[in-house]
Amino acid sequence: MKSFFKSIGNYFKEFGTAIAKGDIGVKLSLLIMGAGYIARKQIINGLIMIALEAVFVVMCVFYAAPNLAKFGTLGTVQFEQKFDPLTMTSTVNDYDNSFLILLNSIIALFIIVAFILVYIGNIKAVYRLQLRKEAGKHINTFKEDIKSLFNEKFNITLLTLPCLGIILMNIIPILVLIAVAFTNYDQQHMPPSALFTWVGWKNFKQLFTNSTTVTFGYAFGKVLVWTLEWAFFATFTTFIGGILMAQFVNSKNTKLPKLWRTLFMVAIAVPQFVTLLLVRNFFGDSGIVNTICANIGLTDFLKSIGLVGSHLTYIPFLTNPNWTKVMIVLINIWVGVPYQMLIATGVLMNIPTDQLESARIDGANRFQIFWKITMPYILFIMGPTLVTDFVKNINNFNVIYLLTQDVYVTSNQLLANSNAKEVDLLVTWLFRLTNEYYNYKIASVIGILVFIICAAFTLITFTQMIKGNREEDFQ
């Protein structure tokens with residue numbers, strides 16, 4: 001963190017030095033961005049910067065200013081539609097759209113910040129050209145600058161499009177998500193027919209408090225606990241299962257190993273949503289699995305030991321909260337183990353054979369070799385993948401939603417009041433709030449909290465993983 005703030009300090013310190021010690025070309029660049037380049041006879045670069053500055057000014061006048069002027073209120077003119085009986089037509093007033101004002105304002109602010117950074121970089125760049133000229137060094141022409149983008153600076157060229165994609169597809173949506181969390185954007189305030197406005201921290205307080213009518217605090221606690229439990233069990237059951245299955249398939253005592261690998265590949269080739277929908281039908285209250293269980297007497301046996309209610313004629317695989325949670329984890333093992341098996345197979349094939357042979361010579365048995373050599377090596381190689389899988393399972397929408405949608409109905413009224421279910425993850429709850437109930441304000445708060453949880457877990461675990469130099473242990 002100290003190095004981060006230090007780098008920011010150095011960034012602005014260099015900017016101040018450029019202004020203080022720069023010549024007339026540098027100082028003119030404070031007003032006309034291309035002046036410094038033109039003074040160094042880099043005419044094309046100078047014209048590009050002047051054009052960029054002109055476009056920015058036009059953007060500020062015709063795009064940023066009108067939207068930012070309404071950013072504080074998110075609009076004041078309500079949508080109105082009037083019918084004229086004489087002309088038999090309807091007219092609509094020039095109304096404000098709160099969401100478009102919010103979106104355009106955030107984009108405008110982002111462009112302004114980006115321009116400020118380019119503006120500072122431009123001053124520093126022309127100052128560096130001044131220093132090169134004073135030192136008698138060569139100053140590149142425009143053609144040489146273009147060639148450098150395909151040679152020593154080719155990394156900048158390669159990263160340009162991906163960075164633009166990240167900005168458009170990730171950063172701006174995240175900024176909009178954060179902004180919506182501080183508004184009252186919901187079904188009662190739905191643009192364009194209605195306006196929404198800023199409410200500050202009210203939505204965050206609502207998510208962590210309970211009352212007779214609002215139960216988001218209760219629902220959030222329940223859903224968060226289940227989300228973390230699910231992520232833990234889903235990650236480690238498939239991880240351990242994949243390793244054990246890879247050990248089995250790659251064992252010298254296993255017959256027809258290619259057949260087993262092919263069968264697992266076929267399981268992966270089938271689209272996951274098809275598999276999950278079929279399994280949901282199999283384990284339904286009237287599904288084939290319940291029919292088989294009833295015929296062999298398993299349902300009656302489970303009734304006798306209290307695992308199934310005496311009034312039921314079926315096993316509530318996907319309709320009882322406890323049964324459903326267990327079944328979701330078990331079904332995920334079936335779906336997820338083949339992927340982990342293939343990854344683990346690649347890792348097992350690269351374990352140093354000399355370490356395994358040395359362990360055998362020293363008298364270690366198979367379990368000791370697996371526990372002391374194989375597992376540490378796999379954890380070292382697959383550690384980042386394990387972290388990624390945990391975060392992915394926190395946001396694992398498919399398994400939960402496809403197995404429980406239109407099947408599971410909550411009997412907990414406190415959860416139902418908040419549009420949640422016992423088997424919901426934070427991400428499925430968020431989806432239901434937006435897609436079915438249009439409660440964008442609370443959904444945005446939940447989205448922010450999910451991001452914080454995932455980011456914190458990832459930073460902490462990766463920091464611990466990269467401590468020290470553990471590679472030499474496996475050389």
# chains A, B, ... in the order shown; residues from 1 in each chain; ligands from 1
call {"tool": "closest_atom_pairs", "arguments": {"of": "segment 172-217 of chain A", "to": "segment 405-418 of chain A", "cutoff": "10 Å", "atoms": "only C-alpha atoms", "output": "Markdown table"}}
result
| residue | atom | partner | partner_atom | distance |
| --- | --- | --- | --- | --- |
| A:Leu207 | CA | A:Ser418 | CA | 9.8 |
| A:Asn210 | CA | A:Leu414 | CA | 9.8 |
| A:Thr212 | CA | A:Leu414 | CA | 9.4 |
| A:Thr213 | CA | A:Asn417 | CA | 7.6 |
| A:Val214 | CA | A:Asn417 | CA | 7.1 |
| A:Thr215 | CA | A:Ser418 | CA | 5.9 |
| A:Phe216 | CA | A:Ser418 | CA | 5.5 |
| A:Gly217 | CA | A:Ser418 | CA | 9.0 |
call {"tool": "write_last_selection", "arguments": {"atoms": "N, CA and C atoms", "output": "PDB file, in the first residue's frame"}}
result
ATOM      1  N   LEU A 207     -30.423  -3.500   4.047  1.00  0.00           N
ATOM      2  CA  LEU A 207     -29.959  -4.872   3.865  1.00  0.00           C
ATOM      3  C   LEU A 207     -29.475  -5.494   5.167  1.00  0.00           C
ATOM      4  N   ASN A 210     -33.752  -5.375  10.170  1.00  0.00           N
ATOM      5  CA  ASN A 210     -35.029  -6.065  10.058  1.00  0.00           C
ATOM      6  C   ASN A 210     -36.128  -5.234  10.692  1.00  0.00           C
ATOM      7  N   THR A 212     -40.863  -5.309  10.885  1.00  0.00           N
ATOM      8  CA  THR A 212     -42.029  -6.166  10.690  1.00  0.00           C
ATOM      9  C   THR A 212     -42.359  -6.377   9.220  1.00  0.00           C
ATOM     10  N   THR A 213     -41.973  -5.434   8.388  1.00  0.00           N
ATOM     11  CA  THR A 213     -42.275  -5.534   6.957  1.00  0.00           C
ATOM     12  C   THR A 213     -41.053  -5.784   6.089  1.00  0.00           C
ATOM     13  N   VAL A 214     -39.883  -5.368   6.545  1.00  0.00           N
ATOM     14  CA  VAL A 214     -38.639  -5.533   5.776  1.00  0.00           C
ATOM     15  C   VAL A 214     -37.755  -6.564   6.462  1.00  0.00           C
ATOM     16  N   THR A 215     -37.404  -7.636   5.744  1.00  0.00           N
ATOM     17  CA  THR A 215     -36.631  -8.732   6.343  1.00  0.00           C
ATOM     18  C   THR A 215     -35.353  -9.012   5.562  1.00  0.00           C
ATOM     19  N   PHE A 216     -34.823  -8.000   4.881  1.00  0.00           N
ATOM     20  CA  PHE A 216     -33.617  -8.202   4.088  1.00  0.00           C
ATOM     21  C   PHE A 216     -32.422  -8.589   4.960  1.00  0.00           C
ATOM     22  N   GLY A 217     -32.330  -8.058   6.172  1.00  0.00           N
ATOM     23  CA  GLY A 217     -31.226  -8.403   7.058  1.00  0.00           C
ATOM     24  C   GLY A 217     -31.217  -9.881   7.391  1.00  0.00           C
TER      25      GLY A 217
END
call {"tool": "residues_around", "arguments": {"residues": "segment 448-451 of chain A", "least_positions_apart": "5", "cutoff": "9 Å", "atoms": "only C-alpha atoms", "output": "JSON, numbers by chain"}}
result
{"A": [174, 177, 178, 181, 394, 395, 426, 427, 443, 456]}
call {"tool": "select_by_dssp", "arguments": {"residues": "segment 136-246 of chain A", "states": "helix (DSSP H, G or I)", "output": "count of residues only"}}
result
71
call {"tool": "closest_residue", "arguments": {"among": "A:Phe283, A:Phe239, A:Tyr314, A:Phe273", "to": "Phe397 of chain A", "atoms": "only C-alpha atoms"}}
result
A:Phe273
call {"tool": "residues_around", "arguments": {"residues": "segment 242-252 of chain A", "least_positions_apart": "4", "cutoff": "9 Å", "atoms": "only C-alpha atoms", "output": "list in words"}}
result
Thr237, Thr238, Leu256, Pro257, Lys258, Trp260, Arg261, Gly336, Val337, Pro338, Tyr339, Gln340, Met341, Leu342, Ile343, Ala344, Thr345, Leu348, Met349, Met375 and Ile378 of chain A
call {"tool": "write_last_selection", "arguments": {"atoms": "N, CA and C atoms", "output": "PDB file, in the first residue's frame"}}
result
ATOM      1  N   THR A 237     -15.078 -30.794  -2.741  1.00  0.00           N
ATOM      2  CA  THR A 237     -15.535 -32.133  -3.132  1.00  0.00           C
ATOM      3  C   THR A 237     -15.124 -32.451  -4.560  1.00  0.00           C
ATOM      4  N   THR A 238     -15.276 -31.495  -5.468  1.00  0.00           N
ATOM      5  CA  THR A 238     -14.868 -31.741  -6.853  1.00  0.00           C
ATOM      6  C   THR A 238     -13.350 -31.789  -6.981  1.00  0.00           C
ATOM      7  N   LEU A 256      -8.388 -50.682 -19.088  1.00  0.00           N
ATOM      8  CA  LEU A 256      -9.055 -49.820 -20.063  1.00  0.00           C
ATOM      9  C   LEU A 256      -9.086 -48.354 -19.622  1.00  0.00           C
ATOM     10  N   PRO A 257      -7.935 -47.771 -19.301  1.00  0.00           N
ATOM     11  CA  PRO A 257      -7.932 -46.368 -18.848  1.00  0.00           C
ATOM     12  C   PRO A 257      -8.432 -45.399 -19.913  1.00  0.00           C
ATOM     13  N   LYS A 258      -8.179 -45.709 -21.198  1.00  0.00           N
ATOM     14  CA  LYS A 258      -8.649 -44.824 -22.273  1.00  0.00           C
ATOM     15  C   LYS A 258     -10.179 -44.794 -22.323  1.00  0.00           C
ATOM     16  N   TRP A 260     -12.211 -45.136 -19.751  1.00  0.00           N
ATOM     17  CA  TRP A 260     -12.687 -44.301 -18.642  1.00  0.00           C
ATOM     18  C   TRP A 260     -12.520 -42.811 -18.966  1.00  0.00           C
ATOM     19  N   ARG A 261     -11.378 -42.476 -19.549  1.00  0.00           N
ATOM     20  CA  ARG A 261     -11.164 -41.072 -19.913  1.00  0.00           C
ATOM     21  C   ARG A 261     -12.208 -40.607 -20.942  1.00  0.00           C
ATOM     22  N   GLY A 336     -18.937 -31.649 -11.790  1.00  0.00           N
ATOM     23  CA  GLY A 336     -17.653 -30.969 -11.723  1.00  0.00           C
ATOM     24  C   GLY A 336     -16.426 -31.845 -11.683  1.00  0.00           C
ATOM     25  N   VAL A 337     -16.558 -33.096 -11.243  1.00  0.00           N
ATOM     26  CA  VAL A 337     -15.387 -33.968 -11.105  1.00  0.00           C
ATOM     27  C   VAL A 337     -14.665 -34.215 -12.431  1.00  0.00           C
ATOM     28  N   PRO A 338     -15.355 -34.431 -13.558  1.00  0.00           N
ATOM     29  CA  PRO A 338     -14.624 -34.668 -14.815  1.00  0.00           C
ATOM     30  C   PRO A 338     -13.654 -33.552 -15.180  1.00  0.00           C
ATOM     31  N   TYR A 339     -14.034 -32.281 -14.977  1.00  0.00           N
ATOM     32  CA  TYR A 339     -13.125 -31.170 -15.270  1.00  0.00           C
ATOM     33  C   TYR A 339     -11.879 -31.247 -14.391  1.00  0.00           C
ATOM     34  N   GLN A 340     -12.109 -31.444 -13.100  1.00  0.00           N
ATOM     35  CA  GLN A 340     -10.974 -31.501 -12.178  1.00  0.00           C
ATOM     36  C   GLN A 340     -10.096 -32.718 -12.456  1.00  0.00           C
ATOM     37  N   MET A 341     -10.704 -33.819 -12.905  1.00  0.00           N
ATOM     38  CA  MET A 341      -9.923 -35.016 -13.210  1.00  0.00           C
ATOM     39  C   MET A 341      -8.959 -34.762 -14.360  1.00  0.00           C
ATOM     40  N   LEU A 342      -9.425 -34.069 -15.389  1.00  0.00           N
ATOM     41  CA  LEU A 342      -8.555 -33.783 -16.527  1.00  0.00           C
ATOM     42  C   LEU A 342      -7.407 -32.856 -16.133  1.00  0.00           C
ATOM     43  N   ILE A 343      -7.717 -31.843 -15.305  1.00  0.00           N
ATOM     44  CA  ILE A 343      -6.663 -30.940 -14.851  1.00  0.00           C
ATOM     45  C   ILE A 343      -5.655 -31.690 -13.986  1.00  0.00           C
ATOM     46  N   ALA A 344      -6.166 -32.491 -13.056  1.00  0.00           N
ATOM     47  CA  ALA A 344      -5.280 -33.247 -12.155  1.00  0.00           C
ATOM     48  C   ALA A 344      -4.439 -34.254 -12.927  1.00  0.00           C
ATOM     49  N   THR A 345      -4.984 -34.829 -13.994  1.00  0.00           N
ATOM     50  CA  THR A 345      -4.228 -35.789 -14.812  1.00  0.00           C
ATOM     51  C   THR A 345      -2.993 -35.135 -15.407  1.00  0.00           C
ATOM     52  N   LEU A 348      -0.463 -34.665 -12.568  1.00  0.00           N
ATOM     53  CA  LEU A 348       0.148 -35.926 -12.130  1.00  0.00           C
ATOM     54  C   LEU A 348       1.203 -36.406 -13.112  1.00  0.00           C
ATOM     55  N   MET A 349       1.000 -36.133 -14.376  1.00  0.00           N
ATOM     56  CA  MET A 349       1.971 -36.575 -15.394  1.00  0.00           C
ATOM     57  C   MET A 349       3.273 -35.801 -15.315  1.00  0.00           C
ATOM     58  N   MET A 375       0.144 -34.869  -3.128  1.00  0.00           N
ATOM     59  CA  MET A 375      -0.777 -33.804  -2.732  1.00  0.00           C
ATOM     60  C   MET A 375      -0.093 -32.443  -2.594  1.00  0.00           C
ATOM     61  N   ILE A 378       0.436 -31.159  -6.111  1.00  0.00           N
ATOM     62  CA  ILE A 378      -0.823 -30.771  -6.749  1.00  0.00           C
ATOM     63  C   ILE A 378      -1.328 -29.456  -6.170  1.00  0.00           C
TER      64      ILE A 378
END
call {"tool": "residues_around", "arguments": {"residues": "Trp201 of chain A", "least_positions_apart": "4", "cutoff": "9 Å", "atoms": "only C-alpha atoms", "output": "count of residues only"}}
result
5
call {"tool": "atom_distance", "arguments": {"atom1": "atom CA of Thr313 of chain A", "atom2": "atom CA of Ala294 of chain A"}}
result
8.0 Å
call {"tool": "decode", "arguments": {"residues": "segment 51-72 of chain A", "atoms": "N, CA and C atoms", "output": "compact mmCIF listing (two decimals), in the first residue's frame"}}
result
# COMPACT_ATOMS: atom_id res chain seq x y z
N ALA A 51 -6.36 17.82 -31.90
CA ALA A 51 -7.65 17.25 -32.28
C ALA A 51 -8.31 16.56 -31.09
N LEU A 52 -7.51 15.86 -30.29
CA LEU A 52 -8.04 15.19 -29.10
C LEU A 52 -8.61 16.20 -28.11
N GLU A 53 -7.88 17.30 -27.92
CA GLU A 53 -8.36 18.35 -27.02
C GLU A 53 -9.65 18.98 -27.54
N ALA A 54 -9.73 19.20 -28.85
CA ALA A 54 -10.93 19.80 -29.44
C ALA A 54 -12.14 18.87 -29.28
N VAL A 55 -11.93 17.57 -29.51
CA VAL A 55 -13.02 16.60 -29.34
C VAL A 55 -13.49 16.58 -27.89
N PHE A 56 -12.54 16.68 -26.95
CA PHE A 56 -12.90 16.68 -25.53
C PHE A 56 -13.73 17.90 -25.18
N VAL A 57 -13.36 19.05 -25.70
CA VAL A 57 -14.12 20.28 -25.41
C VAL A 57 -15.53 20.16 -25.96
N VAL A 58 -15.67 19.64 -27.19
CA VAL A 58 -17.00 19.47 -27.79
C VAL A 58 -17.82 18.48 -26.96
N MET A 59 -17.17 17.40 -26.51
CA MET A 59 -17.85 16.41 -25.68
C MET A 59 -18.36 17.03 -24.38
N CYS A 60 -17.54 17.85 -23.76
CA CYS A 60 -17.92 18.49 -22.50
C CYS A 60 -19.12 19.42 -22.70
N VAL A 61 -19.13 20.18 -23.81
CA VAL A 61 -20.20 21.17 -24.04
C VAL A 61 -21.52 20.49 -24.38
N PHE A 62 -21.47 19.52 -25.28
CA PHE A 62 -22.71 18.96 -25.81
C PHE A 62 -23.14 17.65 -25.15
N TYR A 63 -22.24 16.99 -24.40
CA TYR A 63 -22.60 15.70 -23.80
C TYR A 63 -22.44 15.72 -22.29
N ALA A 64 -21.26 16.05 -21.81
CA ALA A 64 -21.01 15.97 -20.37
C ALA A 64 -21.81 17.00 -19.59
N ALA A 65 -21.75 18.26 -20.01
CA ALA A 65 -22.39 19.33 -19.25
C ALA A 65 -23.90 19.13 -19.10
N PRO A 66 -24.67 18.80 -20.16
CA PRO A 66 -26.11 18.60 -19.98
C PRO A 66 -26.46 17.47 -19.02
N ASN A 67 -25.67 16.39 -19.05
CA ASN A 67 -25.96 15.26 -18.16
C ASN A 67 -25.50 15.51 -16.73
N LEU A 68 -24.30 16.08 -16.58
CA LEU A 68 -23.78 16.34 -15.24
C LEU A 68 -24.60 17.41 -14.53
N ALA A 69 -25.25 18.29 -15.30
CA ALA A 69 -26.11 19.31 -14.68
C ALA A 69 -27.30 18.67 -13.97
N LYS A 70 -27.71 17.49 -14.45
CA LYS A 70 -28.85 16.79 -13.84
C LYS A 70 -28.42 15.63 -12.95
N PHE A 71 -27.10 15.43 -12.81
CA PHE A 71 -26.59 14.28 -12.06
C PHE A 71 -26.97 14.35 -10.58
N GLY A 72 -27.05 15.54 -10.05
CA GLY A 72 -27.37 15.69 -8.63
C GLY A 72 -28.79 15.30 -8.28
